[in-house]
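Peer 1: Handing you a structure now.
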Amino acid sequence: MTHTSPVVIVGAGTAGISAAVELAQAGIHSIVLDEAPKIGGAVFRGPYREAIELPHLDSKLRKKISNIRQQYHEHQAFIELRLNTRVLGPAGKSSLLVRHKEEVSELSYEELIIATGCHERSVPFDGWQMPGVMLLGGVQLQLKSGLVKPGQKMAVVGTGPLLPLVACQLFKAGVEVLGVYEAGKFSDFAKESRALLNRPVLALEGMGMLSYLKANAIPMHYGQGIVSVSGEGNLKKAHFAKYTDDWYPIEGTGTSLELDCLAVGYGFVSRNQLSQLFQLEHDVCPISGLKPKIDTWQKSSQENIYIAGDSVGILGGEGAMVEGRIAALSIAQTRQKVTSEQANSKADDYFTLLQKVKSFRAGFDRIGRRREGLLSLLKPNTIVCRCENVTRSDIDDVIEQGVKDITSLKMRTRAGMGDCQGKTCNSYCQDRLGHELKNPDVGHIKPRFPLDPIPFSALSDGVQL
Amino acid sequence: MSTKTNKKYDIVIAGGGVIGAACAYFLSKEKDLKIALVDLKKPGNASRASAGGLWAIGESVGLGCGVIFFNRMTMQQADATGEDLPPMRPHVLPDYFFEFALKSNAMYPALWQELKDKHGVDFKFEKTGLKYVMYDEYDKMYADSIVDHIPGLIDQVSWLSAEELAEDEPYINKKSIGALEFKCDHQVNPYRLNEAYLEAARQNGVELFLETEVLSIEKRGNKVIGVETDAGFIACDTLINAAGSWAAQLSKMATGIELPVYPVKGQIILSERLPKILKGCVSTTDCYIAQKDNGEVLIGSTTEEKGFDTTNTLPELKELVNGAVKCIPMLNDLNIKRCWAGLRPGTPDEFPILGEMEGVEGYINACGHFRTGILTSAITGKLINDLYRGLPLDMDITPFKYSRFLKPKEDTSEDSKMIEDALV
């Protein structure tokens, strides 16, 4: 079989661009699709115009942002970028349906790399929809895309390594940061120090950030988290408390802060809607619900489809880079552009690094494992699914009725039936049902084609008659 | 999980789609039986991919879900005989199907009230009528022929002129020449109907074994005595096969005979949520269109024999989109929110398979409802209940029994005769 057609890569983030670069180095062309107007994905997107300076981002991050662009520019001859382009789903065998502006077209491939990254986990609590409550990634995007200050007085709450990082970035951007609330206990971090030392530089950077916060009198609270927010129309106050081991707020430990913006981050969920639509094999995964099955070369259950980066498990930028390159090497090998010796010797370093990244990440995953207490932060009338206005008490009712699977919950409440296909509410619904049934396997909301709404006109021959 | 359930049940219903759920509801109304319902969600569940049309006349004359089916059959027939495509003729089903569909249809207003009042569930029954929208003289001939075929139902149809149609449904293509309306054809929300039956049955004491797979059927001699599931063994006196597109596998396990039930794929399209743009349900010869209770417009449906495949495919979706945009031009400027596919449980003569099977005790069929499961779920539930209890039946179910497939050859040619009729 002669391979002449370009490899199609979905996602121009770290994994996608790294794959494209590795392919280019083997002399293989690729087409990279991304819904965003810029390459870099959520982690390394950078400012909309090159002229914008980002003094609040540390020099390492700025360097990484320019590095990924640099790599792309060096191999541009081999990489066809199609930005502002959304993938709607598979179209028959070996073809994708894509939308660019109002135009819908098919794009066929011999090999496909899915590098769709992740989205933020939404943890509903009393008041979570109030203007001023933002997800951590959204806050970061504002900081990275230019100099938009999300608020004047802010706090950062949730769990994971991003919390102190965003707090530092906010402070450097001139925001008054009132505190950082990490649900994990300090002792949990101490326990995981061995895991975290798998990436000593990252661990040190983390320490550096913590001392930066300390030096600037920004308090870091461990074992504490959000209870609710309040305000009239806009956010005025956020209420925090100490958490039990299961992350239930402990009564009598509450504190309140007056602020105009709150950054909330309880981690990320793989975007695996596309791999599901392809009906690839998946394993049940406590973090993202499902995780596509892959072999050591990132190959899925389907011979010519590879999955790399956060879409196959949340590892962050470094892991995404390595996984993208591993997938590319495997394709280069299949296309006989590199020998298996060449591929193996190159991949060995990648495998080693990937293992370290995974061990490092596993530490944070254990600390930040979602606990059932988070499910207690909703009032009966708190909205869970904002597309369909489904409240907690609607969910209570159907659980009372004996619903045992997420599909029936969806059918009875309409949670997850809106435009976003459950990206926002699925996490809560899944956790809640799993908790009530004492069984995490409650099925999954199946993504439907198209992954984003499309105009009728895109599929019609125009108005006839 | 326990490997043995302690209770013994009078009845186990295999399948929690709209038919199994309806059987569970009707059988549990007296609260005198021990009933278990076993259900496993598989991709392609037809009750979740239905339009929810109660198009008793429409479906019986080949409109609604039937249009694409019969379009294709006509084309295939023309291909096979090498003749030019004859003008479309309605495919009118026999009287006993009309009776079955109309009797079921008549049950919904009271059933809706009953489920709301007694059980607090609302399946969103809406009086809509079904309009067959005509674009040209051929469509008019088709409509004329429908009316000729149903002299007994003349009080249920009315003709709308182009002006009347435009006034009634201002968003329908102004170039339409009018419509034929079936006044008694209405709609429900299909998955709410399914869930309503289930919830009411649960309130009546039916035990729901959800997310549970039937692994095998236990028999003693020719008598069904229980169901082996992944949640343990469930002993029972009677098994009801309401397994939809999967009914053949279940009957094979229970009776050794594979019912002639097979999946017939239907792709459907759902629009974004819209303000009210349609008063009634609509069928053309291209597709059907129904605006549901939450504002979404549902467009269906393809008829494909692709096994258990439930993928969406572009050429078929485009066909539906073109049909819909032709009927309601403004859709062209609006968005498609979702597409999916369901597997109708088809049978060779497109009629359901109801009742016992000769030579097997403790086994009842309630399957093969093809494209009218939502519509005929009510009468099916009632008939199965009456049959189980030995009560007089509301109608003769002989034409729906499995034994019809065992008749001598000459009788089974009725099928092809019907197609011939349709082509004259």
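Ordering of the structure tokens sets the chain letters (A, B, ...); residue numbers start at 1 within each chain; ligands are numbered from 1 in the order shown.
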Quick one: contact table of chain B to chain A, 9 Å max, nearest atom pair and distance in Å to one decimal per residue, counting only C-alpha atoms, chain and number order, as CSV?

Peer 2:
residue,atom,partner,partner_atom,distance
B:Lys41,CA,A:Thr407,CA,8.2
B:Arg48,CA,A:Met411,CA,8.6
B:Tyr135,CA,A:Leu465,CA,8.1
B:Asn173,CA,A:Leu465,CA,8.5
B:Lys175,CA,A:Leu465,CA,7.1
B:Ser176,CA,A:Leu465,CA,8.7
B:Tyr191,CA,A:Met411,CA,6.5
B:Arg192,CA,A:Arg412,CA,6.8
B:Glu195,CA,A:Arg412,CA,6.8
B:Ala196,CA,A:Arg412,CA,8.9
B:Glu199,CA,A:Gln401,CA,6.9
B:Arg202,CA,A:Gln401,CA,7.9
B:Gln203,CA,A:Gln401,CA,8.5
B:Leu208,CA,A:Gly402,CA,8.2
B:Phe209,CA,A:Lys404,CA,8.9
B:Leu210,CA,A:Lys404,CA,6.3
B:Glu211,CA,A:Asp405,CA,6.9
B:Ser271,CA,A:Phe456,CA,8.5
B:Glu272,CA,A:Asp419,CA,7.8
B:Thr311,CA,A:Leu277,CA,8.4
B:Asn312,CA,A:Phe449,CA,7.2
B:Thr313,CA,A:Gly92,CA,6.1
B:Leu314,CA,A:Ala91,CA,6.4
B:Leu317,CA,A:Leu459,CA,7.7
B:Lys318,CA,A:Leu459,CA,5.4
B:Glu319,CA,A:Ser460,CA,8.1
B:Leu320,CA,A:Ser460,CA,8.9
B:Val321,CA,A:Ser460,CA,5.7
B:Asn322,CA,A:Ser460,CA,5.1
B:Gly323,CA,A:Ser460,CA,8.8
B:Val325,CA,A:Val463,CA,6.0
B:Lys326,CA,A:Gln464,CA,5.4
B:Cys327,CA,A:Val463,CA,8.8
B:Ile328,CA,A:Val463,CA,8.7
B:Pro329,CA,A:Val463,CA,5.8
B:Met330,CA,A:Val463,CA,8.7
B:Leu331,CA,A:Phe456,CA,6.4
B:Asn332,CA,A:Ser457,CA,4.7
B:Asp333,CA,A:Ser457,CA,6.4
B:Leu334,CA,A:Pro455,CA,5.5
B:Asn335,CA,A:Pro455,CA,4.0
B:Ile336,CA,A:Ile454,CA,5.2
B:Lys337,CA,A:Pro453,CA,4.6
B:Arg338,CA,A:Phe449,CA,5.8
B:Cys339,CA,A:Phe449,CA,5.4
B:Trp340,CA,A:Arg448,CA,6.5

Peer 1: If you count only C-alpha atoms, which residues fall within 12 Å of region 75-79 of chain A, apart from same-chain ones fewer than 4 positions away, as a PyMOL selection string?

Peer 2: chain A and resi 5-9+12+16-33+68-71

Peer 1: Would you export the selected residues with C-alpha atoms as a compact mmCIF listing (two decimals), in the first residue's frame, please?

Peer 2:
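again-v9.txt was written with the following content:
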# COMPACT_ATOMS: atom_id res chain seq x y z
CA SER A 5 -2.38 11.30 1.47
CA PRO A 6 -1.69 13.49 4.46
CA VAL A 7 -2.31 12.22 7.98
CA VAL A 8 -5.32 14.00 9.45
CA ILE A 9 -4.90 15.37 12.97
CA ALA A 12 -3.76 21.86 17.03
CA GLY A 16 -1.57 17.57 17.59
CA ILE A 17 1.26 19.95 16.67
CA SER A 18 3.89 17.64 18.19
CA ALA A 19 2.54 14.80 16.08
CA ALA A 20 2.55 16.97 12.96
CA VAL A 21 6.16 18.03 13.64
CA GLU A 22 7.33 14.47 14.21
CA LEU A 23 5.56 13.39 11.01
CA ALA A 24 7.17 16.28 9.12
CA GLN A 25 10.58 15.18 10.35
CA ALA A 26 9.87 11.82 8.72
CA GLY A 27 8.79 13.56 5.53
CA ILE A 28 5.07 12.95 6.01
CA HIS A 29 2.44 15.60 5.29
CA SER A 30 -0.42 16.28 7.63
CA ILE A 31 -3.61 18.32 7.86
CA VAL A 32 -4.24 19.75 11.32
CA LEU A 33 -7.78 20.84 12.20
CA ILE A 68 5.37 25.38 19.75
CA ARG A 69 4.83 28.10 17.16
CA GLN A 70 8.49 27.97 16.23
CA GLN A 71 8.29 24.22 15.65

Peer 1: Between CA of Pro352 (chain B) and CA of Val38 (chain B), what is the distance, to one decimal in Å?

Peer 2: 20.6 Å

Peer 1: Hey, what's within 12 Å of region 206-219 of chain A if we count only C-alpha atoms and toss same-chain stuff fewer than 3 positions away? As an MDAnalysis selection string, please?

Peer 2: chainID A and resid 58 154:157 160:172 175:182 189 193 196:197 199:203 222 224

Peer 1: Could you jot down the CA of Leu130 (chain B) to CA of Ser158 (chain B) separation for me, Å, one decimal place?

Peer 2: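 Taking CA of Leu130 (chain B) and CA of Ser158 (chain B), their separation equals 10.5 Å.
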
Peer 1: Which residues in region 19-236 of chain B does DSSP call strand (DSSP E)? List them as number ranges by chain.

Peer 2: B: 35-39, 53-54, 130-134, 157-161, 178-182, 186-187, 207-210, 214-220, 223-229, 232-236

Peer 1: Excluding same-chain residues fewer than 6 positions from region 230-246 of chain B, what lies within 9 Å of it counting only C-alpha atoms, as JSON, numbers by chain?

Peer 2: {"B": [1, 2, 3, 4, 5, 6, 7, 8, 9, 10, 11, 12, 13, 14, 15, 16, 17, 18, 19, 20, 21, 23, 35, 36, 39, 44, 45, 46, 209, 212, 213, 214, 215, 218, 223, 224, 254, 261, 262, 263, 264, 308, 343, 344, 345, 346, 361, 362, 363, 364, 365, 366, 367, 368, 369, 370, 384]}

Peer 1: Measure the distance from CA of Tyr96 (chain B) to CA of Pro399 (chain B) in Å and round it to one decimal.

Peer 2: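 That distance, rounded to one decimal, is 7.6 Å.
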
Peer 1: Could you list, as a ChimeraX atom specification, every residue within 7 Å of Trp297 (chain A), counting only C-alpha atoms and ignoring same-chain residues fewer than 6 positions away?

Peer 2: /A:326-327,330

Peer 1: Report the residues of region 145-273 of chain B whose backbone DSSP state falls under helix (DSSP H, G or I), written as an NGL selection string.

Peer 2: :B and (145-149 or 151-156 or 162-168 or 190-203 or 244-255)

Peer 1: When you look at Ile397 (chain B) with a cut-off of 8 Å (counting only C-alpha atoms), what residues show up, excluding the ones that are within fewer than 3 positions of it in the same chain? I need them as a VMD selection string.

Peer 2: chain B and resid 354 to 355 400 to 401

Peer 1: Selection from above, N, CA and C atoms, as a tab-separated table (two decimals), in the first residue's frame, can you write it?

Peer 2:
chain	number	residue	atom	x	y	z
B	354	LEU	N	-47.92	-11.16	18.26
B	354	LEU	CA	-48.54	-11.12	19.58
B	354	LEU	C	-49.04	-12.51	19.98
B	355	GLY	N	-49.01	-12.77	21.27
B	355	GLY	CA	-49.65	-13.98	21.78
B	355	GLY	C	-48.69	-15.15	21.97
B	400	PHE	N	-52.13	-11.51	14.05
B	400	PHE	CA	-50.86	-11.08	14.63
B	400	PHE	C	-50.11	-12.23	15.30
B	401	LYS	N	-50.66	-13.42	15.22
B	401	LYS	CA	-49.99	-14.54	15.88
B	401	LYS	C	-48.83	-15.05	15.05

Peer 1: Show which residues sit within 9 Å of Glu323 (chain A), as a PyMOL selection string. Count only C-alpha atoms, and ignore same-chain residues fewer than 4 positions away.

Peer 2: chain A and resi 15+18-19+297-298+307-309+318-319+327-328+350-351+354

Peer 1: Please produce a file of the residues just selected, as a CSV table (one decimal), in the first residue's frame, where the atoms kept are N, CA, C and O atoms.

Peer 2:
chain,number,residue,atom,x,y,z
A,15,ALA,N,-0.4,18.1,21.6
A,15,ALA,CA,-0.3,16.7,21.1
A,15,ALA,C,-0.4,16.8,19.6
A,15,ALA,O,0.4,16.1,18.9
A,18,SER,N,2.7,18.5,18.0
A,18,SER,CA,3.9,17.6,18.2
A,18,SER,C,3.9,16.5,17.2
A,18,SER,O,4.9,16.1,16.6
A,19,ALA,N,2.7,15.9,17.0
A,19,ALA,CA,2.5,14.8,16.1
A,19,ALA,C,2.9,15.3,14.7
A,19,ALA,O,3.6,14.6,13.9
A,297,TRP,N,1.7,2.5,21.5
A,297,TRP,CA,2.0,3.5,20.4
A,297,TRP,C,0.8,4.4,20.2
A,297,TRP,O,0.7,5.0,19.1
A,298,GLN,N,-0.1,4.5,21.2
A,298,GLN,CA,-1.2,5.4,21.1
A,298,GLN,C,-2.3,5.0,20.1
A,298,GLN,O,-3.2,5.7,19.7
A,307,ILE,N,-4.8,8.1,19.2
A,307,ILE,CA,-5.3,9.1,20.1
A,307,ILE,C,-4.2,9.6,21.0
A,307,ILE,O,-3.4,8.7,21.6
A,308,ALA,N,-4.0,10.9,21.1
A,308,ALA,CA,-2.9,11.4,21.9
A,308,ALA,C,-3.3,12.6,22.7
A,308,ALA,O,-4.2,13.3,22.4
A,309,GLY,N,-2.6,12.8,23.8
A,309,GLY,CA,-2.8,14.0,24.6
A,309,GLY,C,-3.9,13.8,25.6
A,309,GLY,O,-4.3,12.7,25.9
A,318,GLU,N,3.2,18.3,28.7
A,318,GLU,CA,4.4,17.5,28.5
A,318,GLU,C,4.0,16.1,28.0
A,318,GLU,O,4.6,15.6,27.0
A,319,GLY,N,3.0,15.5,28.6
A,319,GLY,CA,2.5,14.2,28.2
A,319,GLY,C,2.0,14.2,26.8
A,319,GLY,O,2.2,13.3,26.0
A,327,ALA,N,2.7,8.6,18.6
A,327,ALA,CA,1.7,8.3,17.6
A,327,ALA,C,2.3,8.5,16.2
A,327,ALA,O,2.1,7.7,15.3
A,328,ALA,N,2.9,9.7,16.0
A,328,ALA,CA,3.5,10.0,14.7
A,328,ALA,C,4.6,9.0,14.3
A,328,ALA,O,4.7,8.6,13.1
A,350,TYR,N,11.0,8.8,24.6
A,350,TYR,CA,9.6,9.2,24.9
A,350,TYR,C,8.9,8.4,25.9
A,350,TYR,O,8.2,8.9,26.8
A,351,PHE,N,9.0,7.1,25.7
A,351,PHE,CA,8.3,6.2,26.7
A,351,PHE,C,8.8,6.4,28.1
A,351,PHE,O,8.0,6.4,29.1
A,354,LEU,N,7.3,9.6,29.3
A,354,LEU,CA,5.9,9.5,29.5
A,354,LEU,C,5.6,8.8,30.9
A,354,LEU,O,4.7,9.1,31.6

Peer 1: Given only C-alpha atoms as the basis, pick out the residue of A:Glu372, A:Glu102, A:Asp348, A:Glu258 nearest to Phe240 (chain A).

Peer 2: A:Glu258
